[in-house]
>>> print(open('upload.pdb').read())   # PDB, C-alpha atoms
MODEL        1
ATOM      1  CA  MET A   1     -29.272  -5.809  52.242
ATOM      2  CA  ILE A   2     -28.583  -7.921  49.128
ATOM      3  CA  ARG A   3     -30.503  -5.421  46.979
ATOM      4  CA  ALA A   4     -28.386  -2.591  48.350
ATOM      5  CA  LEU A   5     -25.153  -4.471  47.590
ATOM      6  CA  VAL A   6     -26.323  -5.279  44.043
ATOM      7  CA  ALA A   7     -27.362  -1.667  43.465
ATOM      8  CA  THR A   8     -23.994  -0.415  44.734
ATOM      9  CA  ALA A   9     -22.096  -2.874  42.536
ATOM     10  CA  MET A  10     -24.135  -1.883  39.470
ATOM     11  CA  ALA A  11     -23.615   1.804  40.151
ATOM     12  CA  ALA A  12     -19.856   1.260  40.469
ATOM     13  CA  ALA A  13     -19.772  -0.715  37.225
ATOM     14  CA  LEU A  14     -21.709   1.981  35.381
ATOM     15  CA  ALA A  15     -19.419   4.677  36.733
ATOM     16  CA  ALA A  16     -16.364   2.742  35.590
ATOM     17  CA  CYS A  17     -17.840   2.384  32.114
ATOM     18  CA  ALA A  18     -18.645   6.065  31.959
ATOM     19  CA  THR A  19     -15.160   7.205  32.941
ATOM     20  CA  ALA A  20     -13.023   4.614  31.140
ATOM     21  CA  PRO A  21     -11.489   5.886  27.890
ATOM     22  CA  PRO A  22     -12.608   4.075  24.753
ATOM     23  CA  ALA A  23     -10.291   1.258  23.765
ATOM     24  CA  SER A  24      -8.611   1.674  20.373
ATOM     25  CA  THR A  25      -6.767  -1.212  18.778
ATOM     26  CA  ALA A  26      -6.192   0.373  15.370
ATOM     27  CA  ARG A  27      -2.646   1.494  14.626
ATOM     28  CA  THR A  28      -2.256   4.865  13.004
ATOM     29  CA  ALA A  29       1.531   4.905  12.489
ATOM     30  CA  LEU A  30       4.647   2.812  12.898
ATOM     31  CA  ALA A  31       6.897   3.274  15.907
ATOM     32  CA  ASP A  32       8.963   5.800  13.918
ATOM     33  CA  GLY A  33       5.841   7.825  13.046
ATOM     34  CA  THR A  34       5.548   6.702   9.416
ATOM     35  CA  THR A  35       2.027   5.989   8.189
ATOM     36  CA  PRO A  36       1.007   3.469   5.515
ATOM     37  CA  ALA A  37      -0.244   6.383   3.381
ATOM     38  CA  GLN A  38       3.251   7.900   3.468
ATOM     39  CA  MET A  39       4.759   4.538   2.520
ATOM     40  CA  VAL A  40       2.449   4.205  -0.487
ATOM     41  CA  ALA A  41       3.185   7.786  -1.577
ATOM     42  CA  ILE A  42       6.919   6.957  -1.583
ATOM     43  CA  ILE A  43       6.279   3.791  -3.602
ATOM     44  CA  ARG A  44       4.206   5.615  -6.200
ATOM     45  CA  GLY A  45       6.780   8.387  -6.386
ATOM     46  CA  THR A  46       9.387   5.891  -7.599
ATOM     47  CA  ALA A  47       7.255   5.112 -10.653
ATOM     48  CA  VAL A  48       7.676   8.480 -12.347
ATOM     49  CA  ALA A  49       9.310   7.655 -15.672
ATOM     50  CA  ALA A  50      12.194   9.713 -17.029
ATOM     51  CA  ALA A  51      11.769  11.224 -20.482
ATOM     52  CA  ASP A  52      14.141   8.698 -22.076
ATOM     53  CA  GLU A  53      13.008   5.663 -20.059
ATOM     54  CA  LEU A  54      11.427   2.585 -21.564
ATOM     55  CA  ASP A  55       7.863   2.236 -20.190
ATOM     56  CA  VAL A  56       5.566  -0.252 -21.939
ATOM     57  CA  GLN A  57       1.841   0.033 -21.126
ATOM     58  CA  PRO A  58      -0.323  -2.988 -22.016
ATOM     59  CA  ILE A  59      -3.828  -2.800 -23.451
ATOM     60  CA  ARG A  60      -6.264  -3.616 -20.644
ATOM     61  CA  ASP A  61      -9.514  -5.554 -20.431
ATOM     62  CA  PRO A  62     -12.329  -2.968 -20.024
ATOM     63  CA  GLU A  63     -13.827  -4.805 -17.037
ATOM     64  CA  VAL A  64     -10.457  -4.918 -15.294
ATOM     65  CA  GLU A  65      -9.881  -1.243 -16.014
ATOM     66  CA  ASP A  66     -13.309  -0.414 -14.568
ATOM     67  CA  LEU A  67     -12.477  -2.327 -11.378
ATOM     68  CA  ARG A  68      -9.124  -0.534 -11.109
ATOM     69  CA  GLN A  69     -10.894   2.821 -11.405
ATOM     70  CA  GLN A  70     -13.374   1.733  -8.726
ATOM     71  CA  ALA A  71     -10.448   0.874  -6.469
ATOM     72  CA  ILE A  72      -8.929   4.324  -7.006
ATOM     73  CA  ALA A  73     -12.236   5.989  -6.146
ATOM     74  CA  LYS A  74     -12.711   3.860  -3.037
ATOM     75  CA  GLU A  75      -9.171   4.602  -1.859
ATOM     76  CA  ARG A  76      -9.728   8.338  -2.311
ATOM     77  CA  ALA A  77     -12.922   7.990  -0.268
ATOM     78  CA  GLY A  78     -10.958   6.243   2.497
ATOM     79  CA  ASP A  79     -12.656   2.875   2.054
ATOM     80  CA  MET A  80      -9.615   0.623   1.732
ATOM     81  CA  GLU A  81     -11.563  -2.595   2.288
ATOM     82  CA  ALA A  82     -13.722  -1.806  -0.752
ATOM     83  CA  ALA A  83     -10.673  -0.762  -2.776
ATOM     84  CA  ALA A  84      -8.980  -4.070  -1.979
ATOM     85  CA  ALA A  85     -12.161  -5.971  -2.865
ATOM     86  CA  ALA A  86     -12.328  -4.259  -6.275
ATOM     87  CA  LEU A  87      -8.709  -5.195  -6.959
ATOM     88  CA  ASP A  88      -9.357  -8.766  -5.819
ATOM     89  CA  ALA A  89     -12.202  -8.906  -8.354
ATOM     90  CA  ALA A  90      -9.832  -7.634 -11.048
ATOM     91  CA  LEU A  91      -7.272 -10.286 -10.087
ATOM     92  CA  ALA A  92      -9.951 -12.958 -10.406
ATOM     93  CA  ILE A  93     -10.086 -11.981 -14.091
ATOM     94  CA  VAL A  94      -6.349 -11.405 -14.667
ATOM     95  CA  PRO A  95      -4.502 -13.174 -11.822
ATOM     96  CA  ASP A  96      -1.087 -12.728 -13.453
ATOM     97  CA  ASP A  97      -1.270  -8.997 -14.176
ATOM     98  CA  PRO A  98       1.770  -7.388 -12.474
ATOM     99  CA  ALA A  99       0.219  -3.912 -12.397
ATOM    100  CA  VAL A 100      -2.965  -5.093 -10.676
ATOM    101  CA  LEU A 101      -0.911  -7.207  -8.264
ATOM    102  CA  GLN A 102       1.142  -4.105  -7.452
ATOM    103  CA  GLU A 103      -1.979  -2.038  -6.826
ATOM    104  CA  ARG A 104      -3.278  -4.792  -4.549
ATOM    105  CA  ALA A 105       0.080  -4.840  -2.732
ATOM    106  CA  GLU A 106      -0.293  -1.121  -2.052
ATOM    107  CA  ALA A 107      -3.854  -1.666  -0.836
ATOM    108  CA  ALA A 108      -2.488  -4.333   1.515
ATOM    109  CA  LEU A 109      -0.001  -1.822   2.923
ATOM    110  CA  LEU A 110      -2.813   0.653   3.547
ATOM    111  CA  LEU A 111      -4.618  -2.131   5.426
ATOM    112  CA  TRP A 112      -1.497  -2.855   7.567
ATOM    113  CA  ASP A 113      -1.034  -6.221   5.853
ATOM    114  CA  PHE A 114       2.735  -6.103   5.344
ATOM    115  CA  ASP A 115       3.121  -9.818   4.583
ATOM    116  CA  GLY A 116       0.398  -9.585   1.934
ATOM    117  CA  ALA A 117       2.023  -6.487   0.428
ATOM    118  CA  GLN A 118       5.415  -8.167   0.158
ATOM    119  CA  SER A 119       4.103 -11.438  -1.267
ATOM    120  CA  ARG A 120       2.058  -9.656  -3.947
ATOM    121  CA  ALA A 121       4.938  -7.371  -4.916
ATOM    122  CA  GLU A 122       7.273 -10.364  -5.179
ATOM    123  CA  ARG A 123       4.740 -12.278  -7.283
ATOM    124  CA  ALA A 124       4.424  -9.253  -9.565
ATOM    125  CA  LEU A 125       8.214  -9.181  -9.887
ATOM    126  CA  ALA A 126       8.278 -12.848 -10.869
ATOM    127  CA  LEU A 127       5.605 -12.262 -13.534
ATOM    128  CA  GLY A 128       6.533  -8.852 -14.879
ATOM    129  CA  GLY A 129       9.363  -7.007 -16.527
ATOM    130  CA  LYS A 130      12.628  -6.459 -14.732
ATOM    131  CA  VAL A 131      12.950  -2.835 -15.808
ATOM    132  CA  GLY A 132      10.885   0.322 -15.791
ATOM    133  CA  PRO A 133       8.635   2.247 -13.412
ATOM    134  CA  LEU A 134       6.489  -0.737 -12.426
ATOM    135  CA  CYS A 135       9.594  -2.725 -11.521
ATOM    136  CA  ARG A 136      10.671   0.143  -9.237
ATOM    137  CA  ARG A 137       7.248   0.130  -7.586
ATOM    138  CA  HIS A 138       7.540  -3.581  -6.829
ATOM    139  CA  TRP A 139      10.941  -3.184  -5.190
ATOM    140  CA  ALA A 140       9.912   0.026  -3.411
ATOM    141  CA  THR A 141       7.061  -1.952  -1.855
ATOM    142  CA  VAL A 142       9.497  -4.575  -0.595
ATOM    143  CA  GLU A 143      11.707  -1.752   0.721
ATOM    144  CA  GLN A 144       8.828  -0.118   2.607
ATOM    145  CA  VAL A 145       7.814  -3.451   4.141
ATOM    146  CA  GLY A 146      11.422  -3.864   5.273
ATOM    147  CA  ASN A 147      11.400  -0.357   6.757
ATOM    148  CA  ALA A 148       8.155  -1.128   8.604
ATOM    149  CA  ARG A 149       9.587  -4.333  10.038
ATOM    150  CA  LEU A 150      12.759  -2.509  11.019
ATOM    151  CA  ALA A 151      10.799   0.210  12.839
ATOM    152  CA  ASP A 152       8.825  -2.398  14.778
ATOM    153  CA  ALA A 153      11.960  -4.427  15.562
ATOM    154  CA  LEU A 154      13.874  -1.393  16.820
ATOM    155  CA  ALA A 155      10.933  -0.395  19.002
ATOM    156  CA  ALA A 156      10.831  -3.898  20.479
ATOM    157  CA  ALA A 157      14.613  -3.954  20.949
ATOM    158  CA  THR A 158      14.530  -0.734  22.971
ATOM    159  CA  ALA A 159      11.389  -1.506  24.975
ATOM    160  CA  PRO A 160      11.908  -1.045  28.719
ATOM    161  CA  ARG A 161      11.942  -4.211  30.833
ATOM    162  CA  ALA A 162      11.972  -6.462  27.762
ATOM    163  CA  LYS A 163      13.211  -9.985  28.458
ATOM    164  CA  ALA A 164      16.510 -11.192  27.010
ATOM    165  CA  ASP A 165      14.902 -13.633  24.564
ATOM    166  CA  ALA A 166      12.531 -10.922  23.278
ATOM    167  CA  LEU A 167      15.467  -8.544  22.827
ATOM    168  CA  ALA A 168      17.442 -11.175  20.915
ATOM    169  CA  ALA A 169      14.460 -11.879  18.645
ATOM    170  CA  ALA A 170      13.963  -8.149  18.013
ATOM    171  CA  GLN A 171      17.637  -7.679  17.157
ATOM    172  CA  ALA A 172      17.529 -10.632  14.745
ATOM    173  CA  ALA A 173      14.391  -9.214  13.120
ATOM    174  CA  ALA A 174      16.101  -5.830  12.747
ATOM    175  CA  THR A 175      19.097  -7.470  11.038
ATOM    176  CA  GLN A 176      16.801  -9.308   8.598
ATOM    177  CA  ALA A 177      14.832  -6.123   7.896
ATOM    178  CA  ARG A 178      18.009  -4.144   7.155
ATOM    179  CA  ALA A 179      19.135  -6.847   4.715
ATOM    180  CA  LEU A 180      15.734  -6.795   2.985
ATOM    181  CA  VAL A 181      15.850  -2.998   2.627
ATOM    182  CA  ALA A 182      19.415  -3.053   1.258
ATOM    183  CA  ARG A 183      18.514  -5.683  -1.346
ATOM    184  CA  ALA A 184      15.336  -3.837  -2.353
ATOM    185  CA  LEU A 185      17.254  -0.586  -2.854
ATOM    186  CA  ARG A 186      19.860  -2.296  -5.070
ATOM    187  CA  GLU A 187      17.215  -4.033  -7.158
ATOM    188  CA  ARG A 188      15.061  -0.921  -7.416
ATOM    189  CA  ASP A 189      17.967   1.073  -8.819
ATOM    190  CA  ALA A 190      18.642  -1.675 -11.376
ATOM    191  CA  CYS A 191      15.089  -1.282 -12.732
ATOM    192  CA  THR A 192      15.949   2.049 -14.387
ATOM    193  CA  VAL A 193      17.046   1.492 -17.980
ATOM    194  CA  GLY A 194      16.975   4.125 -20.688
ATOM    195  CA  ALA A 195      15.291   3.522 -24.020
ATOM    196  CA  ALA A 196      17.441   2.193 -26.835
ATOM    197  CA  PRO A 197      19.017   4.970 -28.923
ATOM    198  CA  ARG A 198      17.451   5.698 -32.312
ATOM    199  CA  TYR A 199      19.662   6.126 -35.336
TER
ENDMDL
END
>>> encode(input="upload.pdb", output="structure tokens")
Amino acid sequence: MIRALVATAMAAALAACATAPPASTARTALADGTTPAQMVAIIRGTAVAAADELDVQPIRDPEVEDLRQQAIAKERAGDMEAAAAALDAALAIVPDDPAVLQERAEAALLLWDFDGAQSRAERALALGGKVGPLCRRHWATVEQVGNARLADALAAATAPRAKADALAAAQAAATQARALVARALRERDACTVGAAPRY
């Protein structure tokens, strides 16, 4: 009798395992459908320099440049963890390099680490120039983080059967995200400065 009950219970458990859909915890897009890859493409698109724009490019350490190239290759191959690790190794050599910090911020976005993306972009802003394509990339990163937070906050604010305190928190988060986006857009536009005229 006990053996029969155990056998029945095991058969039921195996059947449940066989028919249950696989659990997936990985996000593929924000609530508004935007993906991290789209966010990074927007950020990089802001860095296209105009013909008359001042854009200073520093001479780079060969080892750092090699690590940056490795990161690019790993990102193209879809291995964002390895890309981030290569950039972390580069930052161990040049921790105050705004360009490498920016690349690591973008890697953080691709890894769904919005706090890490914002903090690295803001550190790059504090260390780098206040004009030019790289400056726009920093602020565009902050803007995209704000957009991501806004999308999540709006989704939470419109969730069915959400409790009043959760709704209030979501609305406050949406207000903060809108303010962050507005500031980032203003600052990003201020990064564009033409080269000095030649006489």
>>> residues_around(input="upload.pdb", residues="Val131 of chain A", least_positions_apart="6", cutoff="7 Å", atoms="all atoms listed in the file", output="PyMOL selection string")
chain A and resi 191-193
>>> resolve_selection(input="upload.pdb", expression="the PyMOL selection byres ((chain A and resi 42) around 12)", output="list of chain:residue names")
A:Thr34, A:Thr35, A:Pro36, A:Ala37, A:Gln38, A:Met39, A:Val40, A:Ala41, A:Ile43, A:Arg44, A:Gly45, A:Thr46, A:Ala47, A:Val48, A:Glu106, A:Arg136, A:Arg137, A:His138, A:Trp139, A:Ala140, A:Thr141, A:Val142, A:Glu143, A:Gln144, A:Val145, A:Asn147
>>> resolve_selection(input="upload.pdb", expression="the PyMOL selection byres ((chain A and resi 68-81) around 9)", output="PyMOL selection string")
chain A and resi 63-67+82-87+90+100+103+107-108+110-111
>>> residues_around(input="upload.pdb", residues="Ala159 of chain A", least_positions_apart="6", cutoff="12 Å", atoms="all atoms listed in the file", output="list in words")
Ala31, Asp152, Ala153, Ala166, Leu167, Ala170 and Gln171 of chain A
>>> resolve_selection(input="upload.pdb", expression="the PyMOL selection byres ((chain A and resi 120) around 8)", output="list in words")
Leu101, Gln102, Arg104, Ala105, Gly116, Ala117, Gln118, Ser119, Ala121, Glu122, Arg123 and Ala124 of chain A
>>> atom_distance(input="upload.pdb", atom1="atom CA of Glu187 of chain A", atom2="atom CA of Leu134 of chain A")
12.4 Å
>>> residues_around(input="upload.pdb", residues="Gly128 of chain A", least_positions_apart="3", cutoff="8 Å", atoms="all atoms listed in the file", output="ChimeraX atom specification")
/A:97-98,124-125,135
>>> build_atoms(input="upload.pdb", residues="segment 70-85 of chain A", atoms="N, CA and C atoms", output="PDB file, in the frame of the given file")
ATOM      1  N   GLN A  70     -12.578   1.816  -9.962  1.00  0.00           N
ATOM      2  CA  GLN A  70     -13.374   1.733  -8.726  1.00  0.00           C
ATOM      3  C   GLN A  70     -12.471   1.714  -7.503  1.00  0.00           C
ATOM      4  N   ALA A  71     -11.388   0.955  -7.592  1.00  0.00           N
ATOM      5  CA  ALA A  71     -10.448   0.874  -6.469  1.00  0.00           C
ATOM      6  C   ALA A  71      -9.840   2.239  -6.164  1.00  0.00           C
ATOM      7  N   ILE A  72      -9.488   2.976  -7.205  1.00  0.00           N
ATOM      8  CA  ILE A  72      -8.929   4.324  -7.006  1.00  0.00           C
ATOM      9  C   ILE A  72      -9.942   5.210  -6.300  1.00  0.00           C
ATOM     10  N   ALA A  73     -11.188   5.163  -6.757  1.00  0.00           N
ATOM     11  CA  ALA A  73     -12.236   5.989  -6.146  1.00  0.00           C
ATOM     12  C   ALA A  73     -12.476   5.607  -4.691  1.00  0.00           C
ATOM     13  N   LYS A  74     -12.495   4.312  -4.413  1.00  0.00           N
ATOM     14  CA  LYS A  74     -12.711   3.860  -3.037  1.00  0.00           C
ATOM     15  C   LYS A  74     -11.543   4.267  -2.144  1.00  0.00           C
ATOM     16  N   GLU A  75     -10.326   4.176  -2.659  1.00  0.00           N
ATOM     17  CA  GLU A  75      -9.171   4.602  -1.859  1.00  0.00           C
ATOM     18  C   GLU A  75      -9.251   6.089  -1.543  1.00  0.00           C
ATOM     19  N   ARG A  76      -9.600   6.888  -2.540  1.00  0.00           N
ATOM     20  CA  ARG A  76      -9.728   8.338  -2.311  1.00  0.00           C
ATOM     21  C   ARG A  76     -10.800   8.647  -1.277  1.00  0.00           C
ATOM     22  N   ALA A  77     -11.838   7.802  -1.247  1.00  0.00           N
ATOM     23  CA  ALA A  77     -12.922   7.990  -0.268  1.00  0.00           C
ATOM     24  C   ALA A  77     -12.561   7.431   1.108  1.00  0.00           C
ATOM     25  N   GLY A  78     -11.396   6.788   1.212  1.00  0.00           N
ATOM     26  CA  GLY A  78     -10.958   6.243   2.497  1.00  0.00           C
ATOM     27  C   GLY A  78     -11.483   4.854   2.802  1.00  0.00           C
ATOM     28  N   ASP A  79     -12.100   4.212   1.835  1.00  0.00           N
ATOM     29  CA  ASP A  79     -12.656   2.875   2.054  1.00  0.00           C
ATOM     30  C   ASP A  79     -11.689   1.838   1.478  1.00  0.00           C
ATOM     31  N   MET A  80     -10.657   1.512   2.240  1.00  0.00           N
ATOM     32  CA  MET A  80      -9.615   0.623   1.732  1.00  0.00           C
ATOM     33  C   MET A  80     -10.095  -0.815   1.587  1.00  0.00           C
ATOM     34  N   GLU A  81     -11.019  -1.232   2.425  1.00  0.00           N
ATOM     35  CA  GLU A  81     -11.563  -2.595   2.288  1.00  0.00           C
ATOM     36  C   GLU A  81     -12.250  -2.747   0.932  1.00  0.00           C
ATOM     37  N   ALA A  82     -13.031  -1.747   0.533  1.00  0.00           N
ATOM     38  CA  ALA A  82     -13.722  -1.806  -0.752  1.00  0.00           C
ATOM     39  C   ALA A  82     -12.738  -1.695  -1.908  1.00  0.00           C
ATOM     40  N   ALA A  83     -11.695  -0.883  -1.738  1.00  0.00           N
ATOM     41  CA  ALA A  83     -10.673  -0.762  -2.776  1.00  0.00           C
ATOM     42  C   ALA A  83      -9.976  -2.105  -2.986  1.00  0.00           C
ATOM     43  N   ALA A  84      -9.632  -2.755  -1.890  1.00  0.00           N
ATOM     44  CA  ALA A  84      -8.980  -4.070  -1.979  1.00  0.00           C
ATOM     45  C   ALA A  84      -9.904  -5.088  -2.624  1.00  0.00           C
ATOM     46  N   ALA A  85     -11.197  -5.031  -2.285  1.00  0.00           N
ATOM     47  CA  ALA A  85     -12.161  -5.971  -2.865  1.00  0.00           C
ATOM     48  C   ALA A  85     -12.275  -5.770  -4.379  1.00  0.00           C
TER      49      ALA A  85
END
